[in-house]
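Peer 1: Structure file coords-v5.csv (CSV, C-alpha atoms) is given on the next line.
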chain,number,residue,atom,x,y,z
A,1,MET,CA,0.0,0.0,0.0
A,2,LYS,CA,1.3,3.4,-0.8
A,3,ASN,CA,2.6,5.5,2.1
A,4,TRP,CA,0.4,8.4,1.0
A,5,LEU,CA,-2.9,6.6,1.7
A,6,LYS,CA,-1.6,5.0,4.9
A,7,MET,CA,-0.6,8.5,6.2
A,8,LEU,CA,-4.0,9.9,5.0
A,9,VAL,CA,-5.9,7.3,6.9
A,10,LEU,CA,-3.8,7.5,10.0
A,11,THR,CA,-3.6,11.3,10.1
A,12,SER,CA,-7.3,11.6,9.4
A,13,ALA,CA,-8.1,9.2,12.2
A,14,LEU,CA,-6.0,11.2,14.6
A,15,PHE,CA,-7.5,14.6,13.7
A,16,LEU,CA,-11.1,13.6,13.5
A,17,VAL,CA,-13.3,16.3,14.9
A,18,GLY,CA,-17.0,15.9,15.5
A,19,CYS,CA,-19.2,13.2,13.9
A,20,GLY,CA,-22.8,12.5,13.4
A,21,GLU,CA,-24.8,15.7,13.2
A,22,PRO,CA,-22.4,18.7,12.8
A,23,SER,CA,-22.6,21.7,15.0
A,24,PRO,CA,-21.9,25.3,14.0
A,25,ASP,CA,-18.7,25.3,16.1
A,26,VAL,CA,-17.1,22.4,14.3
A,27,ALA,CA,-15.3,24.7,11.9
A,28,ASP,CA,-13.8,26.6,14.9
A,29,ASP,CA,-11.8,23.6,16.2
A,30,PRO,CA,-8.1,24.5,16.0
A,31,ARG,CA,-7.2,21.0,14.8
A,32,ALA,CA,-9.4,21.3,11.7
A,33,ASN,CA,-8.7,23.0,8.4
A,34,GLY,CA,-12.0,25.0,8.5
A,35,MET,CA,-13.1,23.6,5.1
A,36,LEU,CA,-16.1,21.7,6.5
A,37,SER,CA,-19.5,22.8,7.7
A,38,GLY,CA,-22.9,21.0,7.8
A,39,THR,CA,-26.5,22.0,7.7
A,40,GLU,CA,-29.6,19.8,8.3
A,41,THR,CA,-31.9,20.0,5.3
A,42,ASN,CA,-34.9,18.1,4.1
A,43,ASP,CA,-32.6,15.8,2.1
A,44,GLY,CA,-30.3,15.1,5.1
A,45,ILE,CA,-27.1,16.7,6.2
A,46,GLU,CA,-25.7,19.0,3.5
A,47,CYS,CA,-21.9,19.1,3.8
A,48,ASP,CA,-20.3,22.3,2.6
A,49,ILE,CA,-16.6,22.1,1.8
A,50,GLN,CA,-16.3,25.7,0.6
A,51,ILE,CA,-15.8,24.8,-3.1
A,52,ALA,CA,-18.8,22.6,-3.3
A,53,LYS,CA,-21.7,21.1,-1.3
A,54,PHE,CA,-23.2,17.5,-1.2
A,55,VAL,CA,-25.6,15.5,0.9
A,56,VAL,CA,-24.1,13.0,3.2
A,57,PRO,CA,-25.6,9.6,2.2
A,58,ASP,CA,-27.9,7.9,4.7
A,59,GLY,CA,-26.0,5.5,7.0
A,60,TRP,CA,-22.9,7.6,6.7
A,61,THR,CA,-21.5,10.4,8.8
A,62,MET,CA,-19.0,13.2,8.1
A,63,PHE,CA,-15.8,14.0,9.9
A,64,GLN,CA,-13.6,17.1,9.6
A,65,SER,CA,-9.9,16.7,8.9
A,66,ASP,CA,-6.8,18.7,8.3
A,67,GLY,CA,-4.6,19.5,5.3
A,68,THR,CA,-6.1,19.1,1.9
A,69,THR,CA,-8.7,16.6,3.1
A,70,ALA,CA,-11.9,18.6,3.2
A,71,ALA,CA,-14.1,15.9,4.6
A,72,ILE,CA,-14.1,12.2,5.5
A,73,LEU,CA,-17.2,10.1,5.3
A,74,MET,CA,-17.5,6.8,7.2
A,75,PRO,CA,-20.4,4.5,7.9
A,76,VAL,CA,-22.3,5.4,11.1
A,77,GLY,CA,-20.8,3.5,14.0
A,78,GLU,CA,-17.6,2.6,12.2
A,79,ASP,CA,-14.5,2.9,14.5
A,80,PRO,CA,-12.2,5.4,12.8
A,81,GLN,CA,-9.2,3.5,14.2
A,82,ALA,CA,-10.3,0.3,12.5
A,83,ALA,CA,-12.0,1.6,9.4
A,84,SER,CA,-12.9,-0.9,6.7
A,85,ARG,CA,-14.1,1.7,4.2
A,86,MET,CA,-14.3,5.5,3.9
A,87,VAL,CA,-14.7,8.4,1.5
A,88,SER,CA,-12.0,11.1,1.5
A,89,ILE,CA,-12.8,14.3,-0.3
A,90,ASP,CA,-9.5,16.1,-1.0
A,91,VAL,CA,-9.2,19.6,-2.5
A,92,GLY,CA,-5.7,20.9,-3.4
A,93,THR,CA,-3.4,22.3,-6.0
A,94,PRO,CA,-2.8,19.7,-8.7
A,95,ARG,CA,0.8,18.5,-9.4
A,96,GLU,CA,-0.3,18.4,-13.0
A,97,ALA,CA,-2.4,21.3,-14.4
A,98,VAL,CA,-4.2,19.0,-16.9
A,99,LEU,CA,-7.0,16.8,-15.5
A,100,GLU,CA,-6.1,13.8,-17.6
A,101,THR,CA,-2.5,13.9,-16.5
A,102,ALA,CA,-3.4,14.4,-12.8
A,103,ALA,CA,-6.0,11.6,-12.9
A,104,THR,CA,-3.7,9.2,-14.7
A,105,SER,CA,-0.9,9.9,-12.3
A,106,PHE,CA,-3.1,9.3,-9.2
A,107,ALA,CA,-4.5,6.1,-10.6
A,108,ALA,CA,-1.0,4.8,-11.5
A,109,ASP,CA,0.2,5.5,-7.9
A,110,TYR,CA,-2.2,2.7,-6.8
A,111,GLY,CA,-1.9,0.3,-9.8
A,112,GLY,CA,-5.2,1.5,-11.3
A,113,SER,CA,-6.3,3.3,-14.4
A,114,VAL,CA,-8.7,5.9,-15.7
A,115,THR,CA,-11.8,4.0,-16.6
A,116,ASP,CA,-14.2,6.8,-17.7
A,117,LYS,CA,-13.2,10.1,-19.3
A,118,GLU,CA,-16.8,11.0,-20.2
A,119,PHE,CA,-17.9,11.6,-16.6
A,120,ASP,CA,-19.0,14.7,-14.7
A,121,LEU,CA,-19.0,16.1,-11.2
A,122,GLY,CA,-21.6,18.8,-10.7
A,123,GLY,CA,-21.6,19.6,-14.4
A,124,GLU,CA,-17.8,19.8,-14.7
A,125,ASN,CA,-15.7,17.4,-16.7
A,126,ALA,CA,-14.4,14.6,-14.4
A,127,TYR,CA,-12.6,11.3,-14.7
A,128,ARG,CA,-13.4,8.1,-13.0
A,129,LEU,CA,-10.5,6.0,-11.7
A,130,THR,CA,-10.5,2.4,-10.5
A,131,THR,CA,-7.9,0.3,-8.7
A,132,PRO,CA,-7.8,-3.4,-8.2
A,133,PRO,CA,-8.0,-4.7,-4.6
A,134,VAL,CA,-5.0,-5.5,-2.5
A,135,ALA,CA,-5.8,-8.3,0.0
A,136,GLY,CA,-6.5,-6.9,3.5
A,137,GLN,CA,-5.5,-3.3,2.7
A,138,ILE,CA,-7.6,-0.1,2.5
A,139,ILE,CA,-6.7,1.5,-0.8
A,140,PRO,CA,-8.5,3.9,-3.2
A,141,ARG,CA,-10.8,1.6,-5.2
A,142,ASP,CA,-13.0,4.1,-6.9
A,143,THR,CA,-12.1,7.8,-7.4
A,144,VAL,CA,-13.7,10.7,-9.2
A,145,ALA,CA,-11.2,13.5,-10.2
A,146,ALA,CA,-12.2,16.9,-11.4
A,147,VAL,CA,-10.5,20.3,-11.7
A,148,LYS,CA,-12.4,23.5,-10.7
A,149,ASP,CA,-11.1,27.0,-10.2
A,150,GLY,CA,-7.5,25.7,-10.4
A,151,LYS,CA,-8.1,23.1,-7.7
A,152,LEU,CA,-7.9,19.3,-8.1
A,153,ILE,CA,-10.9,17.7,-6.4
A,154,LEU,CA,-10.7,14.0,-5.5
A,155,LEU,CA,-13.6,12.0,-4.2
A,156,ILE,CA,-11.8,8.8,-3.1
A,157,TYR,CA,-13.6,5.7,-2.0
A,158,ALA,CA,-11.1,3.6,-0.1
A,159,THR,CA,-11.9,0.0,1.1
A,160,LYS,CA,-10.6,-3.5,1.4
A,161,ASP,CA,-13.5,-4.7,-0.8
A,162,ILE,CA,-16.1,-3.2,-3.1
A,163,ASP,CA,-18.6,-0.3,-2.5
A,164,PRO,CA,-21.7,-2.2,-1.5
A,165,ASP,CA,-23.6,1.1,-0.8
A,166,ASN,CA,-22.5,2.8,-4.1
A,167,VAL,CA,-21.7,5.7,-1.7
A,168,LEU,CA,-19.5,7.6,-4.2
A,169,GLU,CA,-22.3,7.8,-6.7
A,170,ARG,CA,-24.7,9.0,-4.0
A,171,VAL,CA,-22.2,11.9,-3.1
A,172,ARG,CA,-21.7,12.7,-6.8
A,173,ASP,CA,-25.5,12.8,-7.5
A,174,THR,CA,-26.0,15.6,-4.9
A,175,TRP,CA,-22.7,17.5,-5.7
A,176,THR,CA,-23.1,21.2,-6.5
A,177,TRP,CA,-20.4,23.8,-6.9
A,178,ASN,CA,-20.4,26.9,-4.7
Will you turn the file into C-alpha cells for me?
Peer 2:
Amino acid sequence: MKNWLKMLVLTSALFLVGCGEPSPDVADDPRANGMLSGTETNDGIECDIQIAKFVVPDGWTMFQSDGTTAAILMPVGEDPQAASRMVSIDVGTPREAVLETAATSFAADYGGSVTDKEFDLGGENAYRLTTPPVAGQIIPRDTVAAVKDGKLILLIYATKDIDPDNVLERVRDTWTWN
C-alpha cells in the first residue's frame, strides 16, 4: 500500500473532529482546516466544503480533517481507528495542471487506471479511476477526479473490498459547486 494513503488514513483518524450531526462550532476547532460545515436539510445533512456542497448519504457520517482533506465520510458506528471503508474528499493544487495527467498519475500510484473520461461532477468534466483490490488493505478503489477553479478535487472511496452502498455515486449525485 502506498505510504500516502496510509498516512492519510492515520492522520485523518488522529485529527477527526465531530461526527454525526455537525454543529456550527465544528469549523472553529483549531485541529481542523476549516473547510467543512454541515447543515440539516430536508434531504439530510448537507456538507459544505467551501468549493462545493453535497448531501451525506444515509447511513454515513462526516468527519472534519486537516490539510487538503476537506471531509471524510464513514459508515455510522464505524470505528475510525479500525475503518474498513471510507470516502475522503480532497481539495488541493494539482501536481499536473491537466485533468487527464493528474488523474492518470493518481491512478498509476495505486496500480489503477482511468476507466471513464466522459464523466461529470456537478456539471464539470471529471474522470473516474479504478484500482484493483490488495488483499486486506484499504486503498483507493474508486475515485472521481475533477478540476475546478485551479483546484484538483478527488472523491476517493477507499476500502478493502467493493462499494456495497454505491456511496461515491450518492455523493456525486448531490454534488453542486459553490
Peer 1: May I ask which of the residues A:Thr68, A:Thr176, A:Thr104, A:Thr159 is the closest one to Asp142 in chain A, counting all atoms listed in the file?
Peer 2: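 Of A:Thr68, A:Thr176, A:Thr104, A:Thr159, the one nearest Asp142 in chain A, counting all atoms listed in the file, is A:Thr159.
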Peer 1: Using only C-alpha atoms and a cutoff of 12 Å, can you tell me which residues are near (-23.2, 15.6, -1.2) in the file's coordinates, and write them out as a ChimeraX atom specification?
Peer 2: /A:38-39,41,43-49,51-58,60-62,71-73,87,89,121-122,155,167-177
Peer 1: Need to verify the contact set: Glu118 in chain A, 10 Å, only C-alpha atoms, exclusion of same-chain residues closer than 3 positions in sequence. Can you return it as a ChimeraX atom specification?
Peer 2: /A:115,125-128
Peer 1: Between CA of Ala102 in chain A and CA of Tyr157 in chain A, what is the spacing in Å?
Peer 2: 17.2 Å
Peer 1: Could you name the residues that touch Val98 in chain A at 12 Å or less, counting only C-alpha atoms, but leaving out those on the same chain fewer than 2 positions away, as a ChimeraX atom specification?
Peer 2: /A:93-96,100-105,125-127,145-148,150-152
Peer 1: Could you check which of A:Pro80, A:Gly123, A:Pro140, A:Gly92 is closest to Phe106 in chain A, using all atoms listed in the file?
Peer 2: A:Pro140
Peer 1: Go ahead and compute the interatomic distance for CA of Val76 in chain A and CA of Gly59 in chain A, in Å to one decimal.
Peer 2: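 Calculated distance between CA of Val76 in chain A and CA of Gly59 in chain A is 5.5 Å.
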Peer 1: In terms of the shortest atom-to-atom distance over all atoms listed in the file, which of A:Pro75, A:Ile139, A:Leu36, A:Thr69 is closest to Asp109 in chain A?
Peer 2: A:Ile139
Peer 1: One number please: CA of Thr131 in chain A to CA of Phe63 in chain A, in Å, one decimal.
Peer 2: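 So the answer is 24.4 Å.
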Peer 1: Please check which residues have atoms at most 9 Å from (-10.3, 0.8, 1.0) in the file's coordinates, counting only C-alpha atoms, and write them as a list in words.
Peer 2: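 Final list of nearby residues, as requested, is Ala83, Ser84, Arg85, Met86, Val87, Pro133, Val134, Gly136, Gln137, Ile138, Ile139, Pro140, Arg141, Asp142, Tyr157, Ala158, Thr159, Lys160, Asp161 and Ile162 of chain A.
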Peer 1: Export C-alpha atoms of the chosen residues as an mmCIF file, in the frame of the given file?
Peer 2:
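The new file part.cif reads:
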data_model
loop_
_atom_site.group_PDB
_atom_site.id
_atom_site.type_symbol
_atom_site.label_atom_id
_atom_site.label_comp_id
_atom_site.auth_asym_id
_atom_site.auth_seq_id
_atom_site.Cartn_x
_atom_site.Cartn_y
_atom_site.Cartn_z
ATOM 1 C CA ALA A 83 -12.000 1.600 9.400
ATOM 2 C CA SER A 84 -12.900 -0.900 6.700
ATOM 3 C CA ARG A 85 -14.100 1.700 4.200
ATOM 4 C CA MET A 86 -14.300 5.500 3.900
ATOM 5 C CA VAL A 87 -14.700 8.400 1.500
ATOM 6 C CA PRO A 133 -8.000 -4.700 -4.600
ATOM 7 C CA VAL A 134 -5.000 -5.500 -2.500
ATOM 8 C CA GLY A 136 -6.500 -6.900 3.500
ATOM 9 C CA GLN A 137 -5.500 -3.300 2.700
ATOM 10 C CA ILE A 138 -7.600 -0.100 2.500
ATOM 11 C CA ILE A 139 -6.700 1.500 -0.800
ATOM 12 C CA PRO A 140 -8.500 3.900 -3.200
ATOM 13 C CA ARG A 141 -10.800 1.600 -5.200
ATOM 14 C CA ASP A 142 -13.000 4.100 -6.900
ATOM 15 C CA TYR A 157 -13.600 5.700 -2.000
ATOM 16 C CA ALA A 158 -11.100 3.600 -0.100
ATOM 17 C CA THR A 159 -11.900 0.000 1.100
ATOM 18 C CA LYS A 160 -10.600 -3.500 1.400
ATOM 19 C CA ASP A 161 -13.500 -4.700 -0.800
ATOM 20 C CA ILE A 162 -16.100 -3.200 -3.100
#
Peer 1: Point out the residue among A:Thr130, A:Ala135, A:Ile153, A:Gln64 with the least atom-to-atom distance to Leu99 in chain A, counting all atoms listed in the file.
Peer 2: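 Looking only at the distances to Leu99 in chain A, the closest residue turns out to be A:Ile153.
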Peer 1: My list of candidates is A:Ala82, A:Val91, A:Ala97, A:Ala108. Which is closest to Ala70 in chain A when distances are computed with all atoms listed in the file?
Peer 2: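 Counting all atoms listed in the file, the residue closest to Ala70 in chain A is A:Val91.
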